[in-house]
file my_file-v9.csv (CSV, C-alpha atoms)
chain,number,residue,atom,x,y,z
A,1,MET,CA,0.0,0.0,0.0
A,2,ALA,CA,1.4,3.4,-1.0
A,3,LYS,CA,1.8,5.9,1.8
A,4,LEU,CA,0.1,9.2,1.4
A,5,LYS,CA,2.0,12.5,1.8
A,6,ARG,CA,0.9,14.7,4.6
A,7,GLU,CA,-0.5,17.3,2.2
A,8,ASP,CA,-2.5,14.5,0.4
A,9,ILE,CA,-3.9,13.4,3.8
A,10,LEU,CA,-5.0,16.9,4.6
A,11,GLU,CA,-6.7,17.2,1.2
A,12,GLU,CA,-8.4,13.8,1.7
A,13,LEU,CA,-9.6,14.8,5.1
A,14,ARG,CA,-11.0,18.0,3.6
A,15,ARG,CA,-13.0,15.9,1.1
A,16,ILE,CA,-14.3,13.7,3.9
A,17,CYS,CA,-15.4,16.7,5.9
A,18,GLU,CA,-17.4,18.0,3.0
A,19,GLN,CA,-19.0,14.5,2.6
A,20,VAL,CA,-20.2,14.5,6.2
A,21,GLY,CA,-21.6,18.0,5.9
A,22,TYR,CA,-18.8,20.0,7.6
A,23,THR,CA,-16.9,23.0,6.2
A,24,LEU,CA,-13.2,22.9,7.0
A,25,ARG,CA,-11.8,26.3,7.9
A,26,PHE,CA,-8.3,27.2,8.8
A,27,GLU,CA,-8.1,30.2,11.1
A,28,ARG,CA,-5.5,32.0,13.2
A,29,GLY,CA,-6.0,32.3,17.0
A,30,ASP,CA,-5.4,31.0,20.4
A,31,PHE,CA,-7.2,27.7,20.1
A,32,VAL,CA,-6.6,24.1,19.1
A,33,GLY,CA,-9.5,23.5,16.9
A,34,GLY,CA,-12.5,21.2,16.5
A,35,ALA,CA,-16.1,20.8,15.3
A,36,CYS,CA,-18.8,23.3,16.0
A,37,ILE,CA,-22.0,24.8,14.7
A,38,LEU,CA,-21.7,28.4,13.7
A,39,HIS,CA,-24.9,30.2,12.5
A,40,LYS,CA,-26.5,26.9,11.6
A,41,GLU,CA,-23.5,25.8,9.6
A,42,ARG,CA,-21.4,22.8,10.7
A,43,VAL,CA,-17.8,23.9,10.7
A,44,LEU,CA,-14.5,22.2,11.6
A,45,VAL,CA,-12.0,24.9,12.6
A,46,VAL,CA,-8.2,24.2,12.6
A,47,ASN,CA,-5.6,26.6,13.7
A,48,THR,CA,-3.4,27.8,10.8
A,49,ARG,CA,-0.4,28.1,13.2
A,50,SER,CA,-0.4,24.4,14.0
A,51,SER,CA,2.0,22.0,12.4
A,52,ILE,CA,0.6,19.9,9.6
A,53,GLU,CA,0.7,16.9,11.9
A,54,ARG,CA,-1.3,18.7,14.5
A,55,LYS,CA,-3.8,19.9,11.8
A,56,ILE,CA,-4.3,16.3,10.7
A,57,ALA,CA,-4.7,15.1,14.3
A,58,VAL,CA,-7.4,17.7,15.0
A,59,ILE,CA,-9.3,16.8,11.9
A,60,VAL,CA,-9.0,13.1,12.5
A,61,ARG,CA,-10.2,13.4,16.1
A,62,ALA,CA,-13.2,15.5,15.0
A,63,LEU,CA,-14.1,13.1,12.2
A,64,ALA,CA,-13.8,10.1,14.7
A,65,GLU,CA,-16.3,11.9,17.0
A,66,ILE,CA,-18.6,13.0,14.1
A,67,GLY,CA,-18.7,9.6,12.5
A,68,VAL,CA,-17.8,8.7,9.0
A,69,GLU,CA,-20.1,5.7,8.4
A,70,GLY,CA,-21.1,5.4,4.8
A,71,VAL,CA,-18.2,7.5,3.5
A,72,TYR,CA,-15.4,5.9,1.4
A,73,LEU,CA,-12.1,6.2,3.2
A,74,LYS,CA,-8.8,5.4,1.7
A,75,PRO,CA,-7.0,2.7,3.8
A,76,ALA,CA,-4.4,5.2,5.2
A,77,ILE,CA,-7.2,7.5,6.3
A,78,ARG,CA,-9.3,4.7,7.8
A,79,GLU,CA,-6.2,3.6,9.8
A,80,LEU,CA,-5.8,7.1,11.3
A,81,ILE,CA,-9.5,7.3,12.3
A,82,GLU,CA,-9.6,3.8,13.7
A,83,ALA,CA,-6.4,4.6,15.7
A,84,GLU,CA,-8.2,7.7,17.1
A,85,LEU,CA,-11.2,5.5,18.1
A,86,GLY,CA,-8.9,3.0,19.8
A,87,HIS,CA,-9.4,0.2,17.3
A,88,LYS,CA,-6.6,-2.0,16.2
A,89,PRO,CA,-5.8,-1.9,12.5

call {"tool": "encode", "arguments": {"input": "my_file-v9.csv", "output": "structure tokens"}}
result
Amino acid sequence: MAKLKREDILEELRRICEQVGYTLRFERGDFVGGACILHKERVLVVNTRSSIERKIAVIVRALAEIGVEGVYLKPAIRELIEAELGHKP
């Protein structure tokens, strides 16, 4: 199985967010990030100042909480989400 580059993982996570009805936004501020509802819009906010690894971790954690049932996940992405949920690959 080919390993995805971090930038490709981030783009794939963006696609998954859209499929589960969340807009992925990158903002600056003094926060970690996560999912919320803002003016009736489901938004997942990630701090632009975070490292790419931290951005990926925040998005994966939020998607694990939101649930991605019924969404096609590439194997590398599925492994990240299952690891967050505490499942063994």

call {"tool": "residues_around", "arguments": {"input": "my_file-v9.csv", "residues": "A:Arg15", "least_positions_apart": "5", "cutoff": "12 Å", "atoms": "only C-alpha atoms", "output": "PyMOL selection string"}}
result
chain A and resi 8-10+20-24+59+63+68+71-74+77

call {"tool": "residues_around", "arguments": {"input": "my_file-v9.csv", "residues": "stretch 40-42 of chain A", "least_positions_apart": "2", "cutoff": "12 Å", "atoms": "all atoms listed in the file", "output": "PDB file with C-alpha atoms, in the frame of the given file"}}
result
ATOM      1  CA  CYS A  17     -15.400  16.700   5.900  1.00  0.00           C
ATOM      2  CA  GLU A  18     -17.400  18.000   3.000  1.00  0.00           C
ATOM      3  CA  GLN A  19     -19.000  14.500   2.600  1.00  0.00           C
ATOM      4  CA  VAL A  20     -20.200  14.500   6.200  1.00  0.00           C
ATOM      5  CA  GLY A  21     -21.600  18.000   5.900  1.00  0.00           C
ATOM      6  CA  TYR A  22     -18.800  20.000   7.600  1.00  0.00           C
ATOM      7  CA  THR A  23     -16.900  23.000   6.200  1.00  0.00           C
ATOM      8  CA  LEU A  24     -13.200  22.900   7.000  1.00  0.00           C
ATOM      9  CA  ARG A  25     -11.800  26.300   7.900  1.00  0.00           C
ATOM     10  CA  GLY A  34     -12.500  21.200  16.500  1.00  0.00           C
ATOM     11  CA  ALA A  35     -16.100  20.800  15.300  1.00  0.00           C
ATOM     12  CA  CYS A  36     -18.800  23.300  16.000  1.00  0.00           C
ATOM     13  CA  ILE A  37     -22.000  24.800  14.700  1.00  0.00           C
ATOM     14  CA  LEU A  38     -21.700  28.400  13.700  1.00  0.00           C
ATOM     15  CA  LEU A  44     -14.500  22.200  11.600  1.00  0.00           C
ATOM     16  CA  VAL A  45     -12.000  24.900  12.600  1.00  0.00           C
ATOM     17  CA  ALA A  62     -13.200  15.500  15.000  1.00  0.00           C
ATOM     18  CA  ILE A  66     -18.600  13.000  14.100  1.00  0.00           C
TER      19      ILE A  66
END

call {"tool": "atom_distance", "arguments": {"input": "my_file-v9.csv", "atom1": "atom CA of A:Asn47", "atom2": "atom CA of A:Glu27"}}
result
5.1 Å

call {"tool": "closest_residue", "arguments": {"input": "my_file-v9.csv", "among": "A:Val43, A:Glu69, A:Lys5, A:Val32", "to": "A:Ala57", "atoms": "only C-alpha atoms"}}
result
A:Val32

call {"tool": "residues_near_point", "arguments": {"input": "my_file-v9.csv", "point": "(-6.1, 35.3, 14.6)", "cutoff": "10 Å", "atoms": "only C-alpha atoms", "output": "ChimeraX atom specification"}}
result
/A:27-31,47-49

call {"tool": "atom_distance", "arguments": {"input": "my_file-v9.csv", "atom1": "atom CA of A:Lys3", "atom2": "atom CA of A:Gly70"}}
result
23.1 Å

call {"tool": "closest_residue", "arguments": {"input": "my_file-v9.csv", "among": "A:Arg54, A:Arg78, A:Glu65, A:Val46", "to": "A:Glu12", "atoms": "all atoms listed in the file"}}
result
A:Arg78

call {"tool": "atom_distance", "arguments": {"input": "my_file-v9.csv", "atom1": "atom CA of A:Pro75", "atom2": "atom CA of A:Phe26"}}
result
25.0 Å

call {"tool": "closest_residue", "arguments": {"input": "my_file-v9.csv", "among": "A:His39, A:Gly33, A:Leu13, A:Leu4", "to": "A:Ile81", "atoms": "all atoms listed in the file"}}
result
A:Leu13
